[in-house]
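**Student:** Input file: my_file_1.pdb. Contents: PDB, C-alpha atoms.
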```
ATOM      1  CA  ILE U  18       0.000   0.000   0.000
ATOM      2  CA  TRP U  19       2.789   2.395   0.895
ATOM      3  CA  ASP U  20       4.484   1.882  -2.475
ATOM      4  CA  LEU U  21       1.282   2.008  -4.512
ATOM      5  CA  PHE U  22       0.069   5.280  -3.046
ATOM      6  CA  GLY U  23       3.570   6.716  -3.177
ATOM      7  CA  GLU U  24       3.373   6.516  -6.961
ATOM      8  CA  LEU U  25       0.206   8.627  -7.105
ATOM      9  CA  ARG U  26       0.691  12.313  -7.713
ATOM     10  CA  GLY U  27      -1.805  15.156  -7.639
ATOM     11  CA  ASP U  28      -1.825  15.811 -11.359
ATOM     12  CA  GLY U  29      -5.286  14.967 -12.648
ATOM     13  CA  ILE U  30      -6.421  12.465 -10.007
ATOM     14  CA  ALA U  31      -8.405  12.476  -6.782
ATOM     15  CA  ILE U  32      -9.038   9.767  -4.212
ATOM     16  CA  CYS U  33     -12.566   8.879  -3.133
ATOM     17  CA  VAL U  34     -12.312   6.769  -0.010
ATOM     18  CA  ASP U  35     -14.977   4.555   1.523
ATOM     19  CA  THR U  36     -14.944   5.653   5.187
ATOM     20  CA  GLY U  37     -14.942   2.009   6.243
ATOM     21  CA  VAL U  38     -11.487   1.375   4.771
ATOM     22  CA  TYR U  39      -8.954  -0.189   7.127
ATOM     23  CA  ARG U  40      -6.351   2.101   8.703
ATOM     24  CA  ILE U  41      -3.389   0.679   6.785
ATOM     25  CA  ALA U  42      -4.959   1.858   3.526
ATOM     26  CA  ARG U  43      -5.415   5.246   5.193
ATOM     27  CA  TRP U  44      -1.635   5.428   5.750
ATOM     28  CA  GLY U  45      -1.109   4.998   2.021
ATOM     29  CA  ILE U  46      -3.779   7.574   1.261
ATOM     30  CA  GLU U  47      -2.069  10.057   3.588
ATOM     31  CA  ARG U  48       1.128   9.546   1.613
ATOM     32  CA  ALA U  49      -0.683  10.346  -1.650
ATOM     33  CA  MET U  50      -2.248  13.418  -0.023
ATOM     34  CA  ALA U  51       1.225  14.602   0.980
ATOM     35  CA  ARG U  52       2.066  14.522  -2.729
ATOM     36  CA  GLY U  53      -0.906  16.744  -3.574
ATOM     37  CA  VAL U  54      -3.669  14.221  -4.301
ATOM     38  CA  PRO U  55      -7.034  15.526  -3.054
ATOM     39  CA  LEU U  56      -9.146  13.257  -0.837
ATOM     40  CA  HIS U  57     -12.937  12.965  -0.795
ATOM     41  CA  PRO U  58     -14.518  10.513   1.690
ATOM     42  CA  PHE U  59     -17.957   8.950   1.280
ATOM     43  CA  PRO U  60     -19.959   6.786   3.730
ATOM     44  CA  HIS U  61     -19.184   3.059   3.771
ATOM     45  CA  GLY U  62     -21.175   1.181   1.149
ATOM     46  CA  ASP U  63     -23.154   4.258   0.053
ATOM     47  CA  VAL U  64     -23.221   4.003  -3.742
ATOM     48  CA  ALA U  65     -25.548   7.020  -4.093
ATOM     49  CA  ALA U  66     -23.119   9.206  -2.123
ATOM     50  CA  LEU U  67     -20.230   7.969  -4.278
ATOM     51  CA  ARG U  68     -22.155   8.763  -7.471
ATOM     52  CA  ASN U  69     -22.946  12.259  -6.209
ATOM     53  CA  LEU U  70     -19.280  12.772  -5.440
ATOM     54  CA  LEU U  71     -18.237  11.471  -8.854
ATOM     55  CA  ARG U  72     -20.546  13.915 -10.655
ATOM     56  CA  GLN U  73     -18.263  16.681  -9.373
ATOM     57  CA  TYR U  74     -15.383  15.160 -11.322
ATOM     58  CA  ARG U  75     -17.094  15.797 -14.622
ATOM     59  CA  ARG U  76     -16.579  19.531 -14.011
ATOM     60  CA  SER U  77     -13.131  19.276 -12.447
ATOM     61  CA  ARG U  78     -11.732  16.816 -14.994
ATOM     62  CA  LEU U  79     -10.027  14.843 -12.240
ATOM     63  CA  ARG U  80      -9.783  11.087 -12.688
ATOM     64  CA  PRO U  81     -11.277   9.437  -9.589
ATOM     65  CA  ILE U  82      -9.656   6.569  -7.756
ATOM     66  CA  VAL U  83     -12.027   4.804  -5.361
ATOM     67  CA  VAL U  84     -10.341   3.097  -2.412
ATOM     68  CA  THR U  85     -12.207   0.471  -0.402
ATOM     69  CA  ASP U  86     -11.909  -2.826   1.406
ATOM     70  CA  GLY U  87     -13.445  -5.800  -0.355
ATOM     71  CA  PHE U  88     -14.860  -7.036   2.938
ATOM     72  CA  ASN U  89     -14.827  -5.070   6.162
ATOM     73  CA  PRO U  90     -14.981  -7.224   9.296
ATOM     74  CA  GLY U  91     -15.624  -4.134  11.435
ATOM     75  CA  TYR U  92     -18.874  -3.503   9.563
ATOM     76  CA  GLY U  93     -19.484  -7.174   8.918
ATOM     77  CA  SER U  94     -20.230  -6.393   5.302
ATOM     78  CA  ALA U  95     -18.750  -6.305   1.862
ATOM     79  CA  ALA U  96     -18.341  -3.169  -0.186
ATOM     80  CA  PRO U  97     -20.631  -3.126  -3.227
ATOM     81  CA  LEU U  98     -17.643  -3.561  -5.545
ATOM     82  CA  ALA U  99     -19.615  -4.067  -8.751
ATOM     83  CA  ASP U 100     -21.591  -0.858  -8.128
ATOM     84  CA  TYR U 101     -18.458   1.084  -7.201
ATOM     85  CA  LEU U 102     -16.728  -0.095 -10.363
ATOM     86  CA  GLU U 103     -19.693   0.648 -12.601
ATOM     87  CA  SER U 104     -19.897   4.137 -11.119
ATOM     88  CA  VAL U 105     -16.213   4.977 -11.458
ATOM     89  CA  ARG U 106     -15.891   3.567 -14.989
ATOM     90  CA  ALA U 107     -18.256   6.258 -16.250
ATOM     91  CA  TYR U 108     -15.571   8.799 -15.265
ATOM     92  CA  GLY U 109     -12.522   6.933 -16.541
ATOM     93  CA  GLY U 110     -11.419   6.117 -13.008
ATOM     94  CA  GLN U 111     -10.396   2.988 -11.202
ATOM     95  CA  ILE U 112     -10.850   1.219  -7.877
ATOM     96  CA  ILE U 113      -8.209   0.011  -5.468
ATOM     97  CA  VAL U 114      -9.429  -2.824  -3.258
ATOM     98  CA  ASP U 115      -7.728  -4.004  -0.093
ATOM     99  CA  ALA U 116      -8.658  -7.665  -0.257
ATOM    100  CA  THR U 117      -6.724  -8.818   2.819
ATOM    101  CA  PRO U 118      -9.656  -9.881   5.056
ATOM    102  CA  ALA U 119     -11.310 -11.936   2.308
ATOM    103  CA  LEU U 120      -8.315 -13.432   0.506
ATOM    104  CA  GLY U 121      -8.641 -17.193   0.646
ATOM    105  CA  LEU U 122     -11.937 -16.986   2.523
ATOM    106  CA  LEU U 123     -14.430 -15.808  -0.073
ATOM    107  CA  GLY U 124     -14.878 -17.571  -3.361
ATOM    108  CA  HIS U 125     -17.367 -18.069  -6.170
ATOM    109  CA  SER U 126     -20.795 -19.736  -6.044
ATOM    110  CA  ALA U 127     -21.914 -18.945  -2.505
ATOM    111  CA  SER U 128     -24.852 -21.047  -1.333
ATOM    112  CA  VAL U 129     -26.664 -22.040   1.838
ATOM    113  CA  ASP U 130     -24.215 -24.923   2.270
ATOM    114  CA  ARG U 131     -21.213 -22.747   1.422
ATOM    115  CA  PRO U 132     -21.990 -19.198   2.566
ATOM    116  CA  TYR U 133     -18.448 -18.002   1.846
ATOM    117  CA  GLY U 134     -18.406 -19.574  -1.601
ATOM    118  CA  GLN U 135     -15.809 -22.010  -2.823
ATOM    119  CA  GLY U 136     -12.338 -21.976  -4.304
ATOM    120  CA  GLY U 137     -11.088 -18.872  -2.462
ATOM    121  CA  GLY U 138      -9.807 -15.960  -4.484
ATOM    122  CA  GLY U 139     -11.299 -13.177  -2.375
ATOM    123  CA  SER U 140     -13.783 -10.402  -2.909
ATOM    124  CA  LEU U 141     -13.351  -9.943  -6.649
ATOM    125  CA  ARG U 142     -13.955 -13.580  -7.359
ATOM    126  CA  ARG U 143     -16.926 -13.680  -4.989
ATOM    127  CA  TRP U 144     -18.711 -10.834  -6.778
ATOM    128  CA  ASN U 145     -17.293 -11.534 -10.245
ATOM    129  CA  VAL U 146     -15.527  -8.169 -10.578
ATOM    130  CA  SER U 147     -12.545  -7.696 -12.870
ATOM    131  CA  GLY U 148     -10.892  -5.326 -15.280
ATOM    132  CA  GLU U 149      -7.801  -3.279 -15.966
ATOM    133  CA  ASP U 150      -9.337  -0.524 -13.842
ATOM    134  CA  VAL U 151      -9.293  -2.695 -10.700
ATOM    135  CA  THR U 152      -6.193  -2.952  -8.518
ATOM    136  CA  VAL U 153      -6.168  -5.476  -5.694
ATOM    137  CA  ILE U 154      -3.768  -5.301  -2.801
ATOM    138  CA  SER U 155      -3.456  -7.884  -0.083
ATOM    139  CA  SER U 156      -1.319  -9.108   2.762
ATOM    140  CA  LEU U 157      -1.058 -12.636   4.039
ATOM    141  CA  ALA U 158      -0.532 -11.434   7.609
ATOM    142  CA  LYS U 159      -4.162 -11.919   8.593
ATOM    143  CA  GLY U 160      -4.420 -15.172   6.705
ATOM    144  CA  PHE U 161      -1.622 -16.585   8.831
ATOM    145  CA  GLY U 162      -2.960 -14.968  12.000
ATOM    146  CA  VAL U 163       0.357 -13.230  12.590
ATOM    147  CA  PRO U 164       0.025  -9.454  13.059
ATOM    148  CA  LEU U 165       3.621  -8.739  12.083
ATOM    149  CA  ALA U 166       3.888 -11.148   9.127
TER     150      ALA U 166
END
```
What is this file in C-alpha cells?

**Tutor:**
Amino acid sequence: IWDLFGELRGDGIAICVDTGVYRIARWGIERAMARGVPLHPFPHGDVAALRNLLRQYRRSRLRPIVVTDGFNPGYGSAAPLADYLESVRAYGGQIIVDATPALGLLGHSASVDRPYGQGGGGSLRRWNVSGEDVTVISSLAKGFGVPLA
C-alpha cells in the first residue's frame, strides 16, 4: 500500500475513499495526499453518495480513484464492488481494493451450504468483478494470524 500510493501524484487524479477502509490503507492515502492528491470521503457502502461525489469530477476533470476494502470485518459487510466499479468507470477512473480480510476466505458460487463460496480468491472472485481498472492489494498477515507477518 505504501508503495502504490507513493506513486500517485496530484496531477489529474483524486481519491474517493470509503470511510470504512482499514487504517493501513489510510496510511497509504495520507502519503498520496502529501504529494498533492485531493481526498474525498464517502460513507461506507453508500453508492448514491459515491455517485454524487463522482458527478463533481465531470466539471473538475479529475480522474477518480475509489479506495475500499473488499470485505470489512468491522462492519461485517462487503463493499458493493460491482456498483463502485460501474460508477467509477463512467468517469474513466479505477478502484483500489484491499482484499486482505477476504483473501482465501471468499470464493465463487456462494450457497446455503457454502456461505463463503468455494475456491477462495477473495472479494473480486466472490462478486465476479474484474478489469484493468481494478487494482487489488493484499497481505497474508491476517491469513496466517500473525500481526507482524

**Student:** With the PyMOL selection byres ((chain U and resi 25) around 8) as the selection, what would be picked from this file? Answer as a list in words, please.

**Tutor:** Leu21, Phe22, Gly23, Glu24, Arg26, Gly27, Ala49, Arg52 and Val54 of chain U

**Student:** Give me the result of the PyMOL selection byres ((chain U and resi 110) around 12) on this file, residue by residue, as an NGL selection string.

**Tutor:** :U and (29-33 or 71 or 74-75 or 78-84 or 101-109 or 111-113 or 148-152)

**Student:** When the PyMOL selection byres ((chain U and resi 66) around 12) is applied to the structure above, which residues does it catch, written out as a list in words?

**Tutor:** Cys33, Val34, Asp35, Thr36, His57, Pro58, Phe59, Pro60, His61, Gly62, Asp63, Val64, Ala65, Leu67, Arg68, Asn69, Leu70, Leu71, Arg72, Gln73, Asp100, Tyr101 and Ser104 of chain U

**Student:** Could you check which residues have any atom within 12 Å of (-17.5, -9.2, -10.6), counting only C-alpha atoms with coordinates taken straight from the file, and then list them as a PyMOL selection string?

**Tutor:** chain U and resi 87+97-103+124-126+138-148+151

**Student:** Would you pick out the contacts of Val153 of chain U at 7 Å or less, using all atoms listed in the file, so that residues sharing its chain but fewer than 4 positions from it are not included, and give the list as a PDB file with C-alpha atoms, in the frame of the given file?

**Tutor:**
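around.pdb, freshly written:
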```
ATOM      1  CA  ILE U 113      -8.209   0.011  -5.468  1.00  0.00           C
ATOM      2  CA  VAL U 114      -9.429  -2.824  -3.258  1.00  0.00           C
ATOM      3  CA  ASP U 115      -7.728  -4.004  -0.093  1.00  0.00           C
ATOM      4  CA  ALA U 116      -8.658  -7.665  -0.257  1.00  0.00           C
TER       5      ALA U 116
END
```

**Student:** In Å, rounded to a single decimal, give me how far atom CA of Ser156 of chain U is from atom CA of Gly45 of chain U.

**Tutor:** 14.1 Å
